[in-house]
file run11.json (JSON, C-alpha atoms)
[["chain", "number", "residue", "atom", "x", "y", "z"],
["E", 1, "MET", "CA", -7.40, -15.04, 21.22],
["E", 2, "ALA", "CA", -7.68, -11.27, 21.43],
["E", 3, "ASP", "CA", -9.76, -9.45, 18.85],
["E", 4, "VAL", "CA", -8.13, -7.95, 15.77],
["E", 5, "ILE", "CA", -9.66, -4.78, 14.34],
["E", 6, "ALA", "CA", -10.71, -5.29, 10.72],
["E", 7, "PHE", "CA", -8.85, -3.04, 8.29],
["E", 8, "ASP", "CA", -10.81, -2.59, 5.08],
["E", 9, "LYS", "CA", -8.62, -0.12, 3.16],
["E", 10, "TYR", "CA", -6.93, -2.82, 1.07],
["E", 11, "ASP", "CA", -10.31, -4.11, -0.07],
["E", 12, "THR", "CA", -11.40, -0.63, -1.18],
["E", 13, "LEU", "CA", -8.12, 1.00, -2.27],
["E", 14, "GLY", "CA", -5.86, -1.85, -3.33],
["E", 15, "ALA", "CA", -2.08, -1.53, -2.88],
["E", 16, "TYR", "CA", -2.43, 2.11, -1.89],
["E", 17, "HIS", "CA", 0.92, 2.45, -0.11],
["E", 18, "TRP", "CA", 2.73, 1.74, -3.38],
["E", 19, "ILE", "CA", 0.66, 4.42, -5.10],
["E", 20, "GLU", "CA", 1.04, 7.01, -2.33],
["E", 21, "CYS", "CA", 4.83, 6.49, -2.22],
["E", 22, "ASP", "CA", 5.40, 6.58, -5.98],
["E", 23, "ARG", "CA", 7.63, 9.65, -6.44],
["E", 24, "ARG", "CA", 7.27, 9.90, -10.21],
["E", 25, "TYR", "CA", 6.06, 13.31, -11.30],
["E", 26, "SER", "CA", 3.26, 11.73, -13.32],
["E", 27, "ASN", "CA", 1.80, 10.47, -10.02],
["E", 28, "TRP", "CA", 2.15, 13.72, -8.07],
["E", 29, "LYS", "CA", -1.56, 14.14, -7.27],
["E", 30, "ARG", "CA", -1.71, 10.74, -5.55],
["E", 31, "TYR", "CA", 1.74, 10.96, -3.97],
["E", 32, "ASN", "CA", 1.69, 11.41, -0.18],
["E", 33, "PRO", "CA", 4.98, 12.87, 1.15],
["E", 34, "ALA", "CA", 4.03, 12.22, 4.79],
["E", 35, "VAL", "CA", 3.44, 8.49, 4.23],
["E", 36, "ASP", "CA", 6.55, 8.22, 2.07],
["E", 37, "ALA", "CA", 8.59, 9.85, 4.86],
["E", 38, "ARG", "CA", 7.26, 7.39, 7.44],
["E", 39, "TYR", "CA", 8.54, 4.48, 5.37],
["E", 40, "GLN", "CA", 11.89, 6.13, 4.68],
["E", 41, "ILE", "CA", 12.45, 7.03, 8.33],
["E", 42, "THR", "CA", 11.63, 3.46, 9.33],
["E", 43, "VAL", "CA", 14.11, 2.10, 6.78],
["E", 44, "ASN", "CA", 16.76, 4.59, 7.93],
["E", 45, "THR", "CA", 16.29, 3.49, 11.54],
["E", 46, "ILE", "CA", 16.63, -0.18, 10.60],
["E", 47, "THR", "CA", 19.71, 0.60, 8.52],
["E", 48, "ASN", "CA", 21.32, 2.44, 11.43],
["E", 49, "LEU", "CA", 20.99, -0.70, 13.57],
["E", 50, "GLY", "CA", 23.69, -2.22, 11.37],
["E", 51, "VAL", "CA", 21.85, -5.56, 11.10],
["E", 52, "ARG", "CA", 21.89, -7.54, 7.86],
["E", 53, "GLY", "CA", 20.18, -10.72, 9.05],
["E", 54, "THR", "CA", 16.49, -11.52, 9.50],
["E", 55, "LEU", "CA", 13.55, -9.12, 9.79],
["E", 56, "LEU", "CA", 9.85, -9.56, 10.55],
["E", 57, "ASP", "CA", 7.36, -6.87, 9.52],
["E", 58, "ILE", "CA", 4.17, -7.24, 11.58],
["E", 59, "GLY", "CA", 1.20, -5.71, 9.80],
["E", 60, "CYS", "CA", 3.10, -5.68, 6.53],
["E", 61, "GLY", "CA", 0.05, -4.61, 4.53],
["E", 62, "ASP", "CA", 0.70, -4.50, 0.80],
["E", 63, "GLY", "CA", 4.44, -5.13, 1.29],
["E", 64, "LEU", "CA", 5.99, -1.77, 0.47],
["E", 65, "LEU", "CA", 8.26, -1.68, 3.52],
["E", 66, "LEU", "CA", 9.43, -5.23, 2.78],
["E", 67, "ALA", "CA", 10.37, -4.17, -0.74],
["E", 68, "ARG", "CA", 12.38, -1.24, 0.55],
["E", 69, "ILE", "CA", 14.25, -3.18, 3.22],
["E", 70, "ALA", "CA", 14.73, -6.51, 1.37],
["E", 71, "PRO", "CA", 17.94, -5.43, -0.43],
["E", 72, "LEU", "CA", 19.56, -4.74, 2.95],
["E", 73, "MET", "CA", 18.63, -7.98, 4.72],
["E", 74, "LYS", "CA", 19.33, -11.67, 4.30],
["E", 75, "ARG", "CA", 15.70, -12.67, 4.83],
["E", 76, "VAL", "CA", 12.51, -10.69, 5.42],
["E", 77, "THR", "CA", 9.09, -11.97, 6.46],
["E", 78, "GLY", "CA", 5.80, -10.12, 6.60],
["E", 79, "VAL", "CA", 2.61, -11.05, 8.43],
["E", 80, "ASP", "CA", -0.80, -9.43, 8.24],
["E", 81, "SER", "CA", -4.26, -10.38, 9.51],
["E", 82, "GLU", "CA", -5.98, -9.12, 6.33],
["E", 83, "GLU", "CA", -6.13, -11.66, 3.49],
["E", 84, "SER", "CA", -6.49, -8.92, 0.90],
["E", 85, "ALA", "CA", -3.27, -7.29, 2.08],
["E", 86, "ILE", "CA", -1.38, -10.58, 1.87],
["E", 87, "ARG", "CA", -2.66, -11.18, -1.66],
["E", 88, "LEU", "CA", -1.49, -7.74, -2.76],
["E", 89, "ALA", "CA", 1.89, -8.13, -1.06],
["E", 90, "ARG", "CA", 2.54, -11.45, -2.78],
["E", 91, "GLU", "CA", 1.80, -9.88, -6.15],
["E", 92, "LYS", "CA", 4.08, -6.90, -5.50],
["E", 93, "LEU", "CA", 6.98, -8.89, -4.04],
["E", 94, "ARG", "CA", 7.36, -11.53, -6.74],
["E", 95, "GLU", "CA", 10.79, -10.22, -7.74],
["E", 96, "PHE", "CA", 12.17, -10.36, -4.19],
["E", 97, "SER", "CA", 13.44, -13.90, -3.61],
["E", 98, "ASN", "CA", 14.28, -13.25, 0.06],
["E", 99, "CYS", "CA", 10.72, -12.11, 0.93],
["E", 100, "ARG", "CA", 7.80, -14.16, 2.14],
["E", 101, "VAL", "CA", 4.44, -13.07, 3.51],
["E", 102, "ILE", "CA", 2.09, -15.02, 5.75],
["E", 103, "HIS", "CA", -1.56, -14.54, 6.71],
["E", 104, "ALA", "CA", -1.40, -14.47, 10.50],
["E", 105, "SER", "CA", -2.38, -12.46, 13.56],
["E", 106, "SER", "CA", 0.02, -10.16, 15.38],
["E", 107, "TYR", "CA", -1.17, -11.90, 18.55],
["E", 108, "GLU", "CA", 0.00, -15.33, 17.41],
["E", 109, "LEU", "CA", 3.08, -15.06, 15.20],
["E", 110, "PRO", "CA", 3.92, -18.17, 13.14],
["E", 111, "SER", "CA", 7.60, -18.11, 14.12],
["E", 112, "ALA", "CA", 9.80, -19.88, 16.63],
["E", 113, "ASN", "CA", 11.37, -18.17, 19.63],
["E", 114, "ASP", "CA", 14.51, -16.12, 18.92],
["E", 115, "SER", "CA", 13.94, -16.09, 15.14],
["E", 116, "PHE", "CA", 14.58, -12.48, 14.12],
["E", 117, "ASP", "CA", 17.22, -9.80, 14.46],
["E", 118, "VAL", "CA", 14.68, -7.02, 13.86],
["E", 119, "VAL", "CA", 10.92, -6.81, 14.28],
["E", 120, "VAL", "CA", 9.03, -3.89, 12.73],
["E", 121, "SER", "CA", 5.62, -2.72, 13.93],
["E", 122, "ALA", "CA", 4.83, 0.26, 11.69],
["E", 123, "ASP", "CA", 1.54, 1.95, 12.60],
["E", 124, "VAL", "CA", 0.06, -1.24, 14.03],
["E", 125, "ILE", "CA", -0.20, -0.82, 17.81],
["E", 126, "GLU", "CA", -2.85, 1.91, 17.57],
["E", 127, "HIS", "CA", -5.20, -0.62, 15.91],
["E", 128, "LEU", "CA", -4.93, -3.28, 18.62],
["E", 129, "LYS", "CA", -7.29, -4.09, 21.47],
["E", 130, "ASP", "CA", -4.51, -6.00, 23.26],
["E", 131, "PRO", "CA", -1.16, -4.24, 22.65],
["E", 132, "SER", "CA", 0.47, -6.15, 25.50],
["E", 133, "LEU", "CA", -0.07, -9.49, 23.78],
["E", 134, "HIS", "CA", 1.37, -8.01, 20.59],
["E", 135, "LEU", "CA", 4.50, -6.82, 22.41],
["E", 136, "ARG", "CA", 4.94, -10.15, 24.19],
["E", 137, "GLU", "CA", 4.94, -11.86, 20.81],
["E", 138, "CYS", "CA", 7.49, -9.33, 19.51],
["E", 139, "CYS", "CA", 9.78, -10.18, 22.42],
["E", 140, "ARG", "CA", 9.28, -13.91, 21.95],
["E", 141, "VAL", "CA", 10.37, -14.00, 18.31],
["E", 142, "LEU", "CA", 13.25, -11.54, 18.75],
["E", 143, "LYS", "CA", 16.77, -12.78, 19.38],
["E", 144, "PRO", "CA", 18.19, -11.73, 22.78],
["E", 145, "ASP", "CA", 20.17, -8.92, 21.13],
["E", 146, "GLY", "CA", 17.39, -8.06, 18.66],
["E", 147, "ALA", "CA", 15.52, -4.79, 18.22],
["E", 148, "LEU", "CA", 11.93, -3.65, 17.76],
["E", 149, "VAL", "CA", 11.31, -0.62, 15.53],
["E", 150, "LEU", "CA", 7.82, 0.78, 16.12],
["E", 151, "THR", "CA", 5.94, 3.78, 14.75],
["E", 152, "THR", "CA", 2.55, 5.14, 15.75],
["E", 153, "PRO", "CA", 0.60, 8.42, 15.53],
["E", 154, "LYS", "CA", 1.03, 10.60, 18.61],
["E", 155, "TRP", "CA", -2.15, 11.33, 20.55],
["E", 156, "ARG", "CA", -3.65, 14.75, 19.95],
["E", 157, "PRO", "CA", -6.39, 16.32, 22.08],
["E", 158, "ASP", "CA", -8.78, 17.52, 19.39],
["E", 159, "ARG", "CA", -9.45, 14.37, 17.36],
["E", 160, "LYS", "CA", -8.15, 10.96, 16.35],
["E", 161, "TRP", "CA", -5.92, 10.60, 13.33],
["E", 162, "ASP", "CA", -8.15, 7.77, 12.11],
["E", 163, "MET", "CA", -11.42, 6.41, 13.48],
["E", 164, "ARG", "CA", -10.11, 2.88, 12.83],
["E", 165, "HIS", "CA", -7.61, 3.39, 15.65],
["E", 166, "GLU", "CA", -8.36, 1.62, 18.90],
["E", 167, "LYS", "CA", -6.00, 3.85, 20.92],
["E", 168, "GLU", "CA", -3.53, 6.65, 20.16],
["E", 169, "TYR", "CA", -0.65, 7.15, 22.59],
["E", 170, "ARG", "CA", 1.02, 10.01, 24.36],
["E", 171, "ALA", "CA", 4.80, 9.76, 24.27],
["E", 172, "ASP", "CA", 5.13, 9.11, 27.98],
["E", 173, "GLU", "CA", 2.51, 6.35, 28.09],
["E", 174, "LEU", "CA", 3.99, 4.60, 25.05],
["E", 175, "ARG", "CA", 7.44, 4.70, 26.67],
["E", 176, "ALA", "CA", 5.99, 3.23, 29.87],
["E", 177, "LEU", "CA", 4.25, 0.45, 27.96],
["E", 178, "LEU", "CA", 7.32, -0.45, 25.89],
["E", 179, "SER", "CA", 9.54, -0.39, 28.97],
["E", 180, "GLU", "CA", 7.53, -3.29, 30.39],
["E", 181, "TYR", "CA", 8.88, -5.44, 27.56],
["E", 182, "PHE", "CA", 12.26, -3.91, 26.69],
["E", 183, "SER", "CA", 15.13, -2.73, 28.90],
["E", 184, "GLY", "CA", 16.23, -0.13, 26.36],
["E", 185, "VAL", "CA", 13.61, 2.19, 24.85],
["E", 186, "SER", "CA", 14.51, 5.23, 22.77],
["E", 187, "LEU", "CA", 11.84, 7.59, 21.40],
["E", 188, "ASN", "CA", 12.19, 10.00, 18.52],
["E", 189, "PHE", "CA", 9.54, 11.96, 16.64],
["E", 190, "PHE", "CA", 8.70, 12.84, 13.04],
["E", 191, "TRP", "CA", 6.10, 14.60, 10.87],
["E", 192, "PRO", "CA", 6.70, 18.23, 11.94],
["E", 193, "THR", "CA", 3.42, 19.77, 13.06],
["E", 194, "ARG", "CA", 3.93, 23.02, 11.15],
["E", 195, "TRP", "CA", 4.41, 21.14, 7.87],
["E", 196, "SER", "CA", 1.37, 18.97, 8.59],
["E", 197, "ARG", "CA", -0.75, 22.09, 9.07],
["E", 198, "PHE", "CA", 0.54, 23.60, 5.83],
["E", 199, "TYR", "CA", -0.06, 20.31, 4.00],
["E", 200, "ALA", "CA", -3.71, 20.45, 5.11],
["E", 201, "THR", "CA", -4.23, 23.68, 3.13],
["E", 202, "LYS", "CA", -5.12, 23.77, -0.55],
["E", 203, "LEU", "CA", -1.85, 25.49, -1.49],
["E", 204, "GLY", "CA", 0.32, 23.41, 0.84],
["E", 205, "TRP", "CA", -1.14, 20.16, -0.47],
["E", 206, "ARG", "CA", 0.21, 20.97, -3.92],
["E", 207, "LEU", "CA", 3.48, 22.65, -3.00],
["E", 208, "LEU", "CA", 4.69, 20.02, -0.55],
["E", 209, "LYS", "CA", 4.02, 17.18, -2.98],
["E", 210, "LEU", "CA", 6.08, 18.88, -5.68],
["E", 211, "LEU", "CA", 8.81, 19.92, -3.23],
["E", 212, "ALA", "CA", 9.16, 16.37, -1.93],
["E", 213, "ILE", "CA", 9.32, 14.89, -5.43],
["E", 214, "GLN", "CA", 11.80, 17.36, -6.88],
["E", 215, "LEU", "CA", 13.98, 18.58, -3.99],
["E", 216, "TYR", "CA", 13.45, 17.52, -0.38],
["E", 217, "ASN", "CA", 10.67, 15.98, 1.67],
["E", 218, "PRO", "CA", 10.17, 18.16, 4.79],
["E", 219, "PHE", "CA", 8.33, 15.32, 6.54],
["E", 220, "LEU", "CA", 11.68, 13.52, 6.83],
["E", 221, "ARG", "CA", 12.74, 15.87, 9.60],
["E", 222, "THR", "CA", 12.93, 14.20, 13.04],
["E", 223, "GLY", "CA", 13.43, 15.55, 16.54],
["E", 224, "SER", "CA", 13.29, 14.87, 20.25],
["E", 225, "GLU", "CA", 10.47, 17.26, 21.27],
["E", 226, "PRO", "CA", 7.06, 15.55, 21.13],
["E", 227, "ARG", "CA", 5.06, 18.78, 20.94],
["E", 228, "LYS", "CA", 6.63, 19.68, 17.58],
["E", 229, "PHE", "CA", 5.75, 16.43, 15.81],
["E", 230, "GLY", "CA", 2.79, 14.20, 15.03],
["E", 231, "GLN", "CA", 4.34, 10.72, 14.95],
["E", 232, "ILE", "CA", 6.36, 8.61, 17.36],
["E", 233, "LEU", "CA", 9.31, 6.41, 16.42],
["E", 234, "ALA", "CA", 10.48, 3.91, 19.04],
["E", 235, "ALA", "CA", 13.66, 1.82, 18.88],
["E", 236, "CYS", "CA", 13.61, -0.88, 21.56],
["E", 237, "ARG", "CA", 16.49, -3.17, 22.57],
["E", 238, "GLN", "CA", 17.05, -5.96, 25.11],
["E", 239, "PRO", "CA", 13.68, -7.75, 25.04],
["E", 240, "ARG", "CA", 12.57, -8.94, 28.43],
["E", 241, "ARG", "CA", 11.96, -12.70, 28.81]]
call {"tool": "encode", "arguments": {"input": "run11.json", "output": "structure tokens"}}
result
Amino acid sequence: MADVIAFDKYDTLGAYHWIECDRRYSNWKRYNPAVDARYQITVNTITNLGVRGTLLDIGCGDGLLLARIAPLMKRVTGVDSEESAIRLAREKLREFSNCRVIHASSYELPSANDSFDVVVSADVIEHLKDPSLHLRECCRVLKPDGALVLTTPKWRPDRKWDMRHEKEYRADELRALLSEYFSGVSLNFFWPTRWSRFYATKLGWRLLKLLAIQLYNPFLRTGSEPRKFGQILAACRQPRR
């Protein structure tokens, strides 16, 4: 089996996605509008598919995405290779009767062929030593008319987004890789670069948090020009067999 990169943030930070995406004003210092936007854009993309059946979230982490999408789906399943993440997700998802989470590798999904209408891979592929095996498994468990929704940080020349990442992708190379496994691949982009730069300043860090909580989250803006954004969103149809 291919190696899986250990991800220790759940051991050290707990269910941090729930904290970073808590929009209550009392939590504003820990709120992260960029992360919150990534989840909301992913949910919006899934919603626009018009599917209300079964969904698999690969690399589900602490379960926040499952909680957000569960009301829109008949059944949702999450898998993650980190035991601590699965433990946290089970605690957080107790009230969602249509959710289940499983400790498993993205390289060997515990599901039969043609099981899911939608597979989500949100910021997972950049952590993998063998992305091809991951994508083959996505295709295997998807129904013939199913869809993969995938997000990942876009490669930048100066530095990695996170040193835990195995590989960060340019838009063209990600499209080429996904096209090996799906006949229909559509790329969009989010996290506007200018807002990311402002958010990295002392003033911007405060203002954008408060703006996103009270009025509008500027990180929700999407577009088709890679150079203007920091993240890639892929919607893939027609899995190849």
call {"tool": "closest_residue", "arguments": {"input": "run11.json", "among": "E:Val149, E:Leu135, E:Val119, E:Val79", "to": "Thr54 in chain E", "atoms": "only C-alpha atoms"}}
result
E:Val119
call {"tool": "closest_residue", "arguments": {"input": "run11.json", "among": "E:Trp191, E:Phe182, E:Tyr10, E:Phe116", "to": "Glu83 in chain E", "atoms": "only C-alpha atoms"}}
result
E:Tyr10
call {"tool": "residues_around", "arguments": {"input": "run11.json", "residues": "Arg52 in chain E", "least_positions_apart": "3", "cutoff": "8 Å", "atoms": "all atoms listed in the file", "output": "NGL selection string"}}
result
:E and (72-74)
call {"tool": "closest_residue", "arguments": {"input": "run11.json", "among": "E:Tyr107, E:Tyr216, E:Phe189, E:Trp205", "to": "Ala235 in chain E", "atoms": "only C-alpha atoms"}}
result
E:Phe189
call {"tool": "residues_around", "arguments": {"input": "run11.json", "residues": "Gly204 in chain E", "least_positions_apart": "5", "cutoff": "12 Å", "atoms": "only C-alpha atoms", "output": "VMD selection string"}}
result
chain E and resid 33 194 to 199 209 to 212 218
call {"tool": "atom_distance", "arguments": {"input": "run11.json", "atom1": "CA of Arg221 in chain E", "atom2": "CA of Ser183 in chain E"}}
result
26.9 Å
call {"tool": "axis_aligned_box", "arguments": {"input": "run11.json", "around": "range 186-192 of chain E", "padding_each_side": "5 Å", "output": "JSON"}}
result
{"center_x": 10.3, "center_y": 11.7, "center_z": 16.8, "size_x": 18.4, "size_y": 23.0, "size_z": 21.9}
call {"tool": "atom_distance", "arguments": {"input": "run11.json", "atom1": "CA of Leu150 in chain E", "atom2": "CA of Arg90 in chain E"}}
result
23.1 Å
call {"tool": "closest_residue", "arguments": {"input": "run11.json", "among": "E:Leu142, E:Glu126, E:Tyr31, E:Pro239", "to": "Met163 in chain E", "atoms": "all atoms listed in the file"}}
result
E:Glu126
call {"tool": "residues_near_point", "arguments": {"input": "run11.json", "point": "(1.7, 9.9, -5.7)", "cutoff": "12 Å", "atoms": "only C-alpha atoms", "output": "list in words"}}
result
Tyr16, His17, Trp18, Ile19, Glu20, Cys21, Asp22, Arg23, Arg24, Tyr25, Ser26, Asn27, Trp28, Lys29, Arg30, Tyr31, Asn32, Pro33, Ala34, Val35, Asp36, Trp205, Arg206, Leu208, Lys209, Leu210, Ala212 and Ile213 of chain E
call {"tool": "residues_around", "arguments": {"input": "run11.json", "residues": "Ala112 in chain E", "least_positions_apart": "2", "cutoff": "10 Å", "atoms": "only C-alpha atoms", "output": "list in words"}}
result
Leu109, Pro110, Asp114, Ser115, Phe116, Arg140, Val141 and Leu142 of chain E
call {"tool": "atom_distance", "arguments": {"input": "run11.json", "atom1": "CA of Arg170 in chain E", "atom2": "CA of Lys129 in chain E"}}
result
16.6 Å
call {"tool": "residues_around", "arguments": {"input": "run11.json", "residues": "Arg175 in chain E", "least_positions_apart": "4", "cutoff": "12 Å", "atoms": "only C-alpha atoms", "output": "list in words"}}
result
Leu150, Thr152, Lys154, Tyr169, Arg170, Ala171, Ser179, Glu180, Tyr181, Phe182, Ser183, Gly184, Val185, Ser186, Leu187, Asn188, Ile232, Leu233, Ala234, Ala235 and Cys236 of chain E
call {"tool": "build_atoms", "arguments": {"input": "run11.json", "residues": "range 21-43 of chain E", "atoms": "N, CA and C atoms", "output": "tab-separated table (two decimals), in the coordinates of the input"}}
result
chain	number	residue	atom	x	y	z
E	21	CYS	N	3.38	6.29	-2.37
E	21	CYS	CA	4.83	6.49	-2.22
E	21	CYS	C	5.55	6.44	-3.56
E	22	ASP	N	4.82	6.53	-4.64
E	22	ASP	CA	5.40	6.58	-5.98
E	22	ASP	C	5.81	8.02	-6.28
E	23	ARG	N	7.13	8.28	-6.33
E	23	ARG	CA	7.63	9.65	-6.44
E	23	ARG	C	7.68	10.18	-7.87
E	24	ARG	N	7.24	9.42	-8.83
E	24	ARG	CA	7.27	9.90	-10.21
E	24	ARG	C	6.34	11.12	-10.36
E	25	TYR	N	6.82	12.07	-11.13
E	25	TYR	CA	6.06	13.31	-11.30
E	25	TYR	C	4.67	13.05	-11.86
E	26	SER	N	4.55	12.04	-12.71
E	26	SER	CA	3.26	11.73	-13.32
E	26	SER	C	2.22	11.30	-12.28
E	27	ASN	N	2.69	10.93	-11.08
E	27	ASN	CA	1.80	10.47	-10.02
E	27	ASN	C	1.62	11.52	-8.92
E	28	TRP	N	2.02	12.75	-9.15
E	28	TRP	CA	2.15	13.72	-8.07
E	28	TRP	C	0.84	13.96	-7.30
E	29	LYS	N	-0.30	13.89	-7.96
E	29	LYS	CA	-1.56	14.14	-7.27
E	29	LYS	C	-1.88	13.06	-6.25
E	30	ARG	N	-1.42	11.84	-6.47
E	30	ARG	CA	-1.71	10.74	-5.55
E	30	ARG	C	-0.55	10.49	-4.57
E	31	TYR	N	0.57	11.12	-4.85
E	31	TYR	CA	1.74	10.96	-3.97
E	31	TYR	C	1.47	11.60	-2.61
E	32	ASN	N	1.90	10.92	-1.55
E	32	ASN	CA	1.69	11.41	-0.18
E	32	ASN	C	3.06	11.53	0.50
E	33	PRO	N	3.64	12.72	0.59
E	33	PRO	CA	4.98	12.87	1.15
E	33	PRO	C	5.07	12.46	2.62
E	34	ALA	N	4.00	12.60	3.38
E	34	ALA	CA	4.03	12.22	4.79
E	34	ALA	C	4.15	10.70	4.93
E	35	VAL	N	3.37	9.95	4.18
E	35	VAL	CA	3.44	8.49	4.23
E	35	VAL	C	4.79	8.00	3.71
E	36	ASP	N	5.25	8.59	2.63
E	36	ASP	CA	6.55	8.22	2.07
E	36	ASP	C	7.66	8.45	3.10
E	37	ALA	N	7.59	9.56	3.83
E	37	ALA	CA	8.59	9.85	4.86
E	37	ALA	C	8.56	8.83	5.99
E	38	ARG	N	7.36	8.39	6.37
E	38	ARG	CA	7.26	7.39	7.44
E	38	ARG	C	8.00	6.11	7.05
E	39	TYR	N	7.83	5.67	5.82
E	39	TYR	CA	8.54	4.48	5.37
E	39	TYR	C	10.05	4.72	5.32
E	40	GLN	N	10.45	5.87	4.80
E	40	GLN	CA	11.89	6.13	4.68
E	40	GLN	C	12.55	6.25	6.04
E	41	ILE	N	11.90	6.90	6.98
E	41	ILE	CA	12.45	7.03	8.33
E	41	ILE	C	12.56	5.67	9.00
E	42	THR	N	11.58	4.81	8.78
E	42	THR	CA	11.63	3.46	9.33
E	42	THR	C	12.81	2.69	8.74
E	43	VAL	N	12.98	2.77	7.43
E	43	VAL	CA	14.11	2.10	6.78
E	43	VAL	C	15.43	2.65	7.29
